[in-house]
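Below is work-v5.txt, which holds compact mmCIF, C-alpha atoms and all ligand atoms.
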```txt
# COMPACT_ATOMS: atom_id res chain seq x y z
CA MET M 1009 -54.54 9.16 -39.74
CA ARG M 1010 -56.81 11.95 -40.93
CA ILE M 1011 -55.60 15.01 -42.84
CA GLY M 1012 -58.30 17.46 -43.90
CA GLN M 1013 -61.12 15.47 -45.42
CA VAL M 1014 -58.99 12.41 -46.14
CA GLU M 1015 -58.66 9.44 -43.82
CA LEU M 1016 -55.88 6.92 -44.25
CA LEU M 1017 -56.49 3.51 -42.65
CA ILE M 1018 -53.44 1.27 -42.40
CA GLY M 1019 -54.21 -2.42 -42.83
CA ASP M 1020 -55.30 -5.17 -45.18
CA SER M 1021 -58.23 -4.09 -47.35
CA ARG M 1022 -59.72 -7.56 -46.94
CA GLU M 1023 -60.29 -6.74 -43.27
CA VAL M 1024 -60.43 -2.95 -43.09
CA ILE M 1025 -63.28 -2.46 -45.55
CA LYS M 1026 -65.46 -4.78 -43.47
CA SER M 1027 -65.40 -2.13 -40.75
CA LEU M 1028 -66.87 0.58 -43.02
CA PRO M 1029 -70.65 1.13 -42.92
CA ALA M 1030 -72.82 -0.11 -45.81
CA GLN M 1031 -73.78 2.42 -48.49
CA SER M 1032 -71.46 5.13 -47.15
CA VAL M 1033 -69.27 5.69 -50.23
CA GLN M 1034 -70.18 7.16 -53.63
CA CYS M 1035 -67.34 5.87 -55.73
CA CYS M 1036 -64.22 3.78 -55.52
CA VAL M 1037 -61.19 4.82 -57.58
CA THR M 1038 -58.30 2.42 -57.37
CA SER M 1039 -55.39 0.53 -58.83
CA PRO M 1040 -54.52 -2.74 -57.10
CA PRO M 1041 -51.04 -4.24 -57.35
CA TYR M 1042 -50.62 -6.02 -60.68
CA TRP M 1043 -49.97 -9.72 -60.34
CA GLY M 1044 -46.29 -10.61 -60.06
CA LEU M 1045 -44.97 -7.20 -60.97
CA ARG M 1046 -43.81 -5.37 -57.86
CA ASP M 1047 -43.01 -6.12 -54.28
CA TYR M 1048 -44.68 -3.78 -51.79
CA ASP M 1049 -42.70 -5.28 -48.93
CA HIS M 1050 -45.50 -6.82 -46.89
CA PRO M 1051 -46.42 -10.49 -46.33
CA GLU M 1052 -50.15 -9.83 -46.83
CA GLN M 1053 -49.79 -7.94 -50.07
CA ILE M 1054 -52.04 -8.65 -53.03
CA GLY M 1055 -50.16 -9.53 -56.23
CA THR M 1056 -47.69 -12.11 -54.90
CA GLU M 1057 -50.09 -15.06 -54.93
CA HIS M 1058 -48.63 -18.28 -56.37
CA SER M 1059 -51.33 -18.37 -58.99
CA PRO M 1060 -53.01 -15.56 -60.91
CA GLU M 1061 -56.27 -17.39 -60.21
CA SER M 1062 -55.98 -16.71 -56.49
CA TYR M 1063 -55.02 -13.11 -57.31
CA VAL M 1064 -58.34 -12.75 -59.14
CA GLU M 1065 -60.15 -14.41 -56.21
CA HIS M 1066 -58.58 -11.99 -53.71
CA LEU M 1067 -59.65 -9.01 -55.79
CA VAL M 1068 -63.21 -10.36 -56.06
CA GLU M 1069 -63.24 -10.75 -52.26
CA ILE M 1070 -62.13 -7.13 -51.72
CA PHE M 1071 -64.48 -5.65 -54.30
CA ARG M 1072 -67.41 -7.60 -52.82
CA GLU M 1073 -66.90 -5.53 -49.67
CA VAL M 1074 -66.51 -2.38 -51.79
CA HIS M 1075 -69.88 -3.25 -53.39
CA ARG M 1076 -71.43 -3.37 -49.91
CA VAL M 1077 -70.06 0.04 -48.85
CA LEU M 1078 -71.04 1.77 -52.09
CA ARG M 1079 -74.29 3.69 -52.26
CA LYS M 1080 -76.97 2.18 -54.48
CA ASP M 1081 -75.95 4.55 -57.29
CA GLY M 1082 -72.22 4.07 -56.68
CA THR M 1083 -69.47 3.13 -59.11
CA LEU M 1084 -66.09 1.45 -59.16
CA TRP M 1085 -63.26 2.80 -61.35
CA LEU M 1086 -60.69 0.06 -61.54
CA ASN M 1087 -57.29 0.34 -63.20
CA VAL M 1088 -55.59 -3.06 -63.61
CA GLY M 1089 -52.53 -3.96 -65.64
CA ASP M 1090 -51.64 -7.12 -67.49
CA GLY M 1091 -48.56 -9.31 -67.45
CA TYR M 1092 -46.83 -12.17 -69.22
CA ALA M 1093 -46.56 -15.77 -68.07
CA ARG M 1094 -42.84 -16.52 -67.96
CA ASN M 1095 -40.50 -19.43 -67.51
CA GLY M 1096 -37.26 -18.10 -66.09
CA GLY M 1097 -36.40 -14.88 -67.84
CA THR M 1098 -33.84 -12.18 -67.28
CA GLY M 1099 -36.26 -9.37 -66.83
CA ASN M 1100 -35.88 -7.96 -70.30
CA CYS M 1101 -38.86 -9.63 -71.83
CA GLY M 1102 -42.02 -8.15 -70.48
CA PRO M 1103 -43.91 -6.36 -67.77
CA ASN M 1104 -44.29 -9.44 -65.63
CA ALA M 1105 -40.58 -10.02 -65.39
CA VAL M 1106 -37.98 -8.26 -63.32
CA VAL M 1107 -38.45 -4.53 -63.79
CA GLY M 1108 -38.06 -1.30 -61.89
CA ASN M 1109 -37.81 -1.84 -58.18
CA THR M 1110 -39.12 -5.41 -58.24
CA LYS M 1111 -37.60 -7.31 -55.38
CA LYS M 1112 -36.51 -10.90 -54.81
CA LEU M 1113 -39.87 -12.17 -53.66
CA ILE M 1114 -41.40 -11.51 -57.04
CA GLN M 1115 -38.39 -12.51 -59.09
CA LYS M 1116 -38.53 -16.01 -57.65
CA ARG M 1117 -42.26 -16.28 -57.91
CA ASN M 1118 -42.38 -15.46 -61.59
CA CYS M 1119 -39.95 -18.09 -62.75
CA LYS M 1120 -42.63 -20.65 -63.65
CA VAL M 1121 -45.58 -20.33 -65.97
CA PRO M 1122 -48.66 -20.80 -63.76
CA LYS M 1123 -50.64 -23.95 -64.55
CA VAL M 1124 -53.93 -22.22 -65.24
CA TRP M 1125 -55.95 -21.09 -68.24
CA GLY M 1126 -53.70 -23.06 -70.62
CA LEU M 1127 -50.94 -20.46 -70.22
CA LYS M 1128 -47.67 -20.98 -72.03
CA ASP M 1129 -44.31 -19.24 -71.75
CA ARG M 1130 -44.66 -15.61 -72.87
CA ASP M 1131 -48.46 -15.69 -73.01
CA LEU M 1132 -50.14 -12.39 -72.23
CA MET M 1133 -52.38 -13.39 -69.33
CA GLY M 1134 -55.30 -11.06 -70.04
CA LEU M 1135 -55.57 -10.33 -66.32
CA PRO M 1136 -57.58 -7.10 -66.53
CA TRP M 1137 -60.37 -8.84 -68.40
CA ARG M 1138 -60.21 -11.92 -66.20
CA VAL M 1139 -60.68 -9.64 -63.18
CA ALA M 1140 -63.47 -7.72 -64.94
CA PHE M 1141 -65.34 -10.90 -65.87
CA ALA M 1142 -64.93 -12.34 -62.38
CA LEU M 1143 -66.39 -9.12 -60.91
CA GLN M 1144 -69.20 -9.22 -63.46
CA SER M 1145 -70.02 -12.78 -62.37
CA ASP M 1146 -69.97 -11.59 -58.77
CA GLY M 1147 -72.74 -9.05 -59.42
CA TRP M 1148 -71.10 -5.89 -60.77
CA ILE M 1149 -72.42 -4.30 -63.95
CA LEU M 1150 -69.51 -3.80 -66.34
CA ARG M 1151 -70.30 -0.48 -68.06
CA SER M 1152 -67.14 0.65 -69.79
CA ARG M 1153 -63.62 -0.29 -70.67
CA ILE M 1154 -61.54 2.86 -70.86
CA THR M 1155 -58.13 2.57 -72.49
CA TRP M 1156 -55.51 4.67 -70.77
CA ILE M 1157 -52.98 5.56 -73.47
CA LYS M 1158 -49.69 6.40 -71.80
CA LYS M 1159 -47.90 9.46 -73.15
CA ALA M 1160 -44.62 8.14 -71.73
CA PRO M 1161 -44.78 4.33 -71.53
CA MET M 1162 -42.05 2.34 -69.84
CA PRO M 1163 -39.42 1.39 -72.45
CA GLU M 1164 -39.16 -2.33 -73.25
CA SER M 1165 -36.31 -3.99 -75.11
CA VAL M 1166 -38.61 -6.40 -77.01
CA LYS M 1167 -38.18 -7.02 -80.75
CA ASN M 1168 -41.02 -9.49 -81.35
CA ARG M 1169 -44.10 -7.49 -80.33
CA PRO M 1170 -45.12 -3.85 -79.96
CA THR M 1171 -44.22 -2.04 -76.75
CA ASN M 1172 -47.05 -1.95 -74.24
CA ALA M 1173 -48.35 1.58 -73.90
CA THR M 1174 -51.92 1.15 -72.65
CA GLU M 1175 -53.77 -0.03 -69.58
CA GLU M 1176 -57.41 -0.70 -68.80
CA ILE M 1177 -59.70 1.28 -66.54
CA PHE M 1178 -63.05 -0.43 -65.97
CA LEU M 1179 -66.16 1.47 -64.97
CA MET M 1180 -68.39 -0.87 -62.97
CA ALA M 1181 -71.70 -0.04 -61.37
CA LYS M 1182 -73.60 -1.41 -58.42
CA GLY M 1183 -76.97 -0.87 -60.12
CA ILE M 1184 -78.21 0.37 -63.46
CA ASP M 1185 -79.28 3.82 -62.11
CA TYR M 1186 -75.76 4.78 -61.14
CA TYR M 1187 -74.47 8.34 -60.79
CA TYR M 1188 -72.37 9.50 -63.74
CA ASP M 1189 -71.87 13.21 -64.48
CA SER M 1190 -71.27 13.27 -68.21
CA ASN M 1191 -70.78 17.07 -68.07
CA ALA M 1192 -67.99 16.95 -65.52
CA VAL M 1193 -65.34 15.89 -68.06
CA ARG M 1194 -65.86 16.33 -71.81
CA GLU M 1195 -63.81 16.20 -74.97
CA THR M 1196 -62.21 19.55 -75.93
CA SER M 1197 -64.77 19.73 -78.78
CA GLY M 1198 -67.53 19.58 -76.17
CA ALA M 1199 -68.57 16.05 -77.19
CA ASN M 1200 -69.25 13.29 -74.69
CA LEU M 1201 -66.00 11.94 -73.26
CA ARG M 1202 -64.58 9.01 -75.24
CA ASN M 1203 -63.29 5.78 -73.78
CA TYR M 1204 -59.63 6.41 -74.53
CA TRP M 1205 -57.70 8.76 -72.29
CA LEU M 1206 -54.28 10.07 -73.28
CA ILE M 1207 -52.55 10.79 -70.00
CA GLY M 1208 -48.88 11.35 -69.19
CA PRO M 1209 -47.14 10.80 -65.88
CA ASP M 1210 -47.14 13.54 -63.25
CA ALA M 1211 -44.18 15.88 -63.47
CA LYS M 1212 -42.76 14.90 -60.09
CA GLY M 1213 -42.29 11.35 -58.83
CA LYS M 1214 -44.00 10.70 -55.55
CA GLY M 1215 -41.65 8.25 -53.90
CA HIS M 1216 -44.04 5.38 -54.55
CA PRO M 1217 -43.19 2.82 -57.25
CA ALA M 1218 -46.62 2.69 -58.85
CA ALA M 1219 -48.58 5.88 -58.28
CA PHE M 1220 -51.13 6.65 -60.96
CA PRO M 1221 -51.35 10.13 -62.54
CA ARG M 1222 -53.54 12.71 -60.83
CA GLU M 1223 -55.37 13.33 -64.09
CA LEU M 1224 -56.56 9.73 -64.13
CA ALA M 1225 -57.95 10.07 -60.59
CA ARG M 1226 -59.39 13.50 -61.40
CA ARG M 1227 -61.47 12.23 -64.29
CA CYS M 1228 -62.83 9.24 -62.38
CA ILE M 1229 -63.70 11.30 -59.30
CA LEU M 1230 -65.39 14.09 -61.28
CA LEU M 1231 -67.43 11.65 -63.37
CA GLY M 1232 -68.36 9.42 -60.43
CA SER M 1233 -69.10 11.77 -57.52
CA ARG M 1234 -70.51 15.12 -56.40
CA GLU M 1235 -68.90 17.62 -54.01
CA ASP M 1236 -68.88 16.37 -50.40
CA ASP M 1237 -69.31 12.75 -51.50
CA THR M 1238 -66.92 10.14 -50.17
CA VAL M 1239 -64.43 8.42 -52.45
CA LEU M 1240 -62.73 5.17 -51.45
CA ASP M 1241 -59.36 3.77 -52.52
CA PRO M 1242 -58.66 0.29 -51.05
CA PHE M 1243 -55.06 0.38 -52.37
CA GLY M 1244 -54.09 3.88 -51.30
CA GLY M 1245 -50.31 3.82 -52.00
CA SER M 1246 -49.00 7.40 -51.97
CA GLY M 1247 -52.54 8.73 -51.66
CA THR M 1248 -53.17 10.14 -55.15
CA THR M 1249 -56.91 9.44 -54.90
CA GLY M 1250 -57.06 11.24 -51.54
CA VAL M 1251 -55.02 14.24 -52.71
CA VAL M 1252 -57.19 14.73 -55.79
CA ALA M 1253 -60.45 14.08 -53.92
CA GLN M 1254 -59.56 16.81 -51.43
CA GLN M 1255 -58.71 19.24 -54.27
CA LEU M 1256 -62.12 18.54 -55.80
CA GLY M 1257 -64.04 19.07 -52.55
CA ARG M 1258 -64.73 15.39 -51.88
CA LYS M 1259 -64.01 13.34 -48.78
CA ALA M 1260 -61.87 10.25 -49.10
CA ILE M 1261 -61.02 7.04 -47.30
CA LEU M 1262 -57.79 5.31 -48.27
CA VAL M 1263 -56.65 1.88 -47.14
CA GLU M 1264 -52.98 0.94 -47.42
CA LEU M 1265 -51.19 -2.13 -46.13
CA ASN M 1266 -47.65 -0.77 -45.93
CA PRO M 1267 -47.34 1.91 -43.21
CA ASP M 1268 -44.16 3.28 -44.85
CA TYR M 1269 -46.26 4.92 -47.56
CA SER M 1270 -48.15 7.00 -44.99
CA THR M 1271 -45.15 9.36 -44.80
CA ILE M 1272 -45.47 10.10 -48.52
CA PHE M 1273 -49.22 10.54 -48.15
CA LYS M 1274 -48.74 12.97 -45.26
CA LYS M 1275 -46.18 15.03 -47.20
CA ARG M 1276 -48.39 15.23 -50.28
CA MET M 1277 -51.47 16.23 -48.32
CA LEU M 1278 -49.63 18.92 -46.35
CA HIS M 1279 -48.12 20.26 -49.57
CA GLU M 1280 -51.62 20.45 -51.09
CA SER M 1281 -53.03 22.34 -48.09
CA GLN M 1282 -50.12 24.79 -48.19
CA LYS M 1283 -50.85 25.44 -51.87
CA ALA M 1284 -54.58 25.81 -51.24
CA PHE M 1285 -54.13 28.30 -48.38
CA GLY M 1286 -51.18 30.10 -49.98
CA PHE M 1287 -48.49 29.47 -47.35
C1 LIG M 1301 -50.53 0.12 -57.51
S1 LIG M 1301 -50.25 0.64 -55.88
C2 LIG M 1301 -51.42 1.96 -55.70
C3 LIG M 1301 -50.82 3.31 -55.99
C4 LIG M 1301 -51.78 4.48 -55.79
N1 LIG M 1301 -52.84 4.48 -56.78
C5 LIG M 1301 -51.01 5.80 -55.89
O1 LIG M 1301 -51.30 6.60 -56.78
O2 LIG M 1301 -50.08 5.99 -55.10
C6 LIG M 1301 -50.99 -0.64 -54.93
C7 LIG M 1301 -50.87 -0.44 -53.42
O3 LIG M 1301 -51.64 -1.49 -52.79
C8 LIG M 1301 -51.02 -1.80 -51.55
N2 LIG M 1301 -51.53 -3.11 -51.11
C9 LIG M 1301 -51.14 -4.35 -51.50
N3 LIG M 1301 -51.88 -5.29 -50.90
C10 LIG M 1301 -52.78 -4.64 -50.11
C11 LIG M 1301 -53.82 -5.07 -49.25
N4 LIG M 1301 -54.07 -6.37 -49.04
N5 LIG M 1301 -54.55 -4.13 -48.59
C12 LIG M 1301 -54.28 -2.80 -48.76
N6 LIG M 1301 -53.30 -2.34 -49.56
C13 LIG M 1301 -52.57 -3.24 -50.24
C14 LIG M 1301 -49.53 -1.75 -51.88
O4 LIG M 1301 -48.73 -1.59 -50.72
C15 LIG M 1301 -49.46 -0.57 -52.86
O5 LIG M 1301 -49.10 0.62 -52.21
```
Translate this structure into structure tokens?
Amino acid sequence: MRIGQVELLIGDSREVIKSLPAQSVQCCVTSPPYWGLRDYDHPEQIGTEHSPESYVEHLVEIFREVHRVLRKDGTLWLNVGDGYARNGGTGNCGPNAVVGNTKKLIQKRNCKVPKVWGLKDRDLMGLPWRVAFALQSDGWILRSRITWIKKAPMPESVKNRPTNATEEIFLMAKGIDYYYDSNAVRETSGANLRNYWLIGPDAKGKGHPAAFPRELARRCILLGSREDDTVLDPFGGSGTTGVVAQQLGRKAILVELNPDYSTIFKKRMLHESQKAFGF
């Protein structure tokens, strides 16, 4: 499905990205499913692997293809969340337990602490960094860790640790001469942008359980691409990356496994065009 300058390809990123031409994309802005957190209602979904190790392997596999389709000066902006290893649990004890709209598939899966990395019950798994290091070993240059500070974090009923209110966004480059427009987004003082971003949720929900805020996508797209460049999101969801790319005069390719989300994408894109053309 194509709307305006944004193309949505329905399928598994592991396969779909292989069909895209090499060096055709300037930057990739994305947020994959977090391991063991939500159920996106599809047997091929990333995030429901039995072990977090195979989750990391699947992401490396997908981003290897992203590396191929990026231009030589291209970048990857990757938002990944963490989670807790749990034995049993009622869902009140951490982000990797039963929260939000998590469905049965995940609830069952998360009942045992995975036998990797010496994990123990209630260990924070450090998944964002494990993914980042695995990508680094696979050839990516890890250039920045940006901390997304959430203005409205999800409440947690924990009493033995602080509430989680941050997530990581990694800036990774294909080569050392990568495109980065340091003037596109600056601090209000005019200084170079810092690596902590205070961003709240969008005012309206989008009908998708895990959409990221437009402002997050906006910053990554502005810093990592020029007008008319192509931006890729291999985990398109409700299409935030595509909606923002179009607003900023970029093209976009989104890949999404679950066809149900294409309805939300369509609605959002049509709403954007109506706003842009004033009808
Ligand atoms: C965290 S959400 C992305 C949300 C998106 N950033 C937004 O703002 O709407 C992750 C998405 O990845 C999709 N997904 C999971 N496994 C996939 C796969 N193998 N290939 C493509 N998409 C996949 C899920 O269905 C889900 O919509």
Point-to-point distance in Å for CA of Gln1013 in chain M and CA of Asp1237 in chain M = 10.6 Å
Taking only C-alpha atoms and all ligand atoms into account, which residues are within 8 Å of ligand LIG 1301 (chain M), as a ChimeraX atom specification?
-> /M:1018-1022,1038-1042,1048-1050,1052-1055,1214,1216-1222,1241-1249,1263-1266,1269
Residues as selected, C-alpha atoms, written as a PDB file, in the coordinates of the input, can you do that?
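Wrote it out as out-v4.pdb, contents follow:
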```
ATOM      1  CA  ILE M1018     -53.440   1.270 -42.400  1.00  0.00           C
ATOM      2  CA  GLY M1019     -54.210  -2.420 -42.830  1.00  0.00           C
ATOM      3  CA  ASP M1020     -55.300  -5.170 -45.180  1.00  0.00           C
ATOM      4  CA  SER M1021     -58.230  -4.090 -47.350  1.00  0.00           C
ATOM      5  CA  ARG M1022     -59.720  -7.560 -46.940  1.00  0.00           C
ATOM      6  CA  THR M1038     -58.300   2.420 -57.370  1.00  0.00           C
ATOM      7  CA  SER M1039     -55.390   0.530 -58.830  1.00  0.00           C
ATOM      8  CA  PRO M1040     -54.520  -2.740 -57.100  1.00  0.00           C
ATOM      9  CA  PRO M1041     -51.040  -4.240 -57.350  1.00  0.00           C
ATOM     10  CA  TYR M1042     -50.620  -6.020 -60.680  1.00  0.00           C
ATOM     11  CA  TYR M1048     -44.680  -3.780 -51.790  1.00  0.00           C
ATOM     12  CA  ASP M1049     -42.700  -5.280 -48.930  1.00  0.00           C
ATOM     13  CA  HIS M1050     -45.500  -6.820 -46.890  1.00  0.00           C
ATOM     14  CA  GLU M1052     -50.150  -9.830 -46.830  1.00  0.00           C
ATOM     15  CA  GLN M1053     -49.790  -7.940 -50.070  1.00  0.00           C
ATOM     16  CA  ILE M1054     -52.040  -8.650 -53.030  1.00  0.00           C
ATOM     17  CA  GLY M1055     -50.160  -9.530 -56.230  1.00  0.00           C
ATOM     18  CA  LYS M1214     -44.000  10.700 -55.550  1.00  0.00           C
ATOM     19  CA  HIS M1216     -44.040   5.380 -54.550  1.00  0.00           C
ATOM     20  CA  PRO M1217     -43.190   2.820 -57.250  1.00  0.00           C
ATOM     21  CA  ALA M1218     -46.620   2.690 -58.850  1.00  0.00           C
ATOM     22  CA  ALA M1219     -48.580   5.880 -58.280  1.00  0.00           C
ATOM     23  CA  PHE M1220     -51.130   6.650 -60.960  1.00  0.00           C
ATOM     24  CA  PRO M1221     -51.350  10.130 -62.540  1.00  0.00           C
ATOM     25  CA  ARG M1222     -53.540  12.710 -60.830  1.00  0.00           C
ATOM     26  CA  ASP M1241     -59.360   3.770 -52.520  1.00  0.00           C
ATOM     27  CA  PRO M1242     -58.660   0.290 -51.050  1.00  0.00           C
ATOM     28  CA  PHE M1243     -55.060   0.380 -52.370  1.00  0.00           C
ATOM     29  CA  GLY M1244     -54.090   3.880 -51.300  1.00  0.00           C
ATOM     30  CA  GLY M1245     -50.310   3.820 -52.000  1.00  0.00           C
ATOM     31  CA  SER M1246     -49.000   7.400 -51.970  1.00  0.00           C
ATOM     32  CA  GLY M1247     -52.540   8.730 -51.660  1.00  0.00           C
ATOM     33  CA  THR M1248     -53.170  10.140 -55.150  1.00  0.00           C
ATOM     34  CA  THR M1249     -56.910   9.440 -54.900  1.00  0.00           C
ATOM     35  CA  VAL M1263     -56.650   1.880 -47.140  1.00  0.00           C
ATOM     36  CA  GLU M1264     -52.980   0.940 -47.420  1.00  0.00           C
ATOM     37  CA  LEU M1265     -51.190  -2.130 -46.130  1.00  0.00           C
ATOM     38  CA  ASN M1266     -47.650  -0.770 -45.930  1.00  0.00           C
ATOM     39  CA  TYR M1269     -46.260   4.920 -47.560  1.00  0.00           C
TER      40      TYR M1269
END
```
Calculate how many Å separate CA of Arg1169 in chain M from CA of Ala1140 in chain M, rounding to one decimal.
-> 24.7 Å
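CA of Gly1089 in chain M is found 21.7 Å from CA of Leu1231 in chain M.
Minimum atom-to-atom distances from M:Asp1129, M:Asp1090, M:Asp1189, M:Glu1023 to Val1074 in chain M were compared using only C-alpha atoms, and the lowest value belongs to M:Glu1023.
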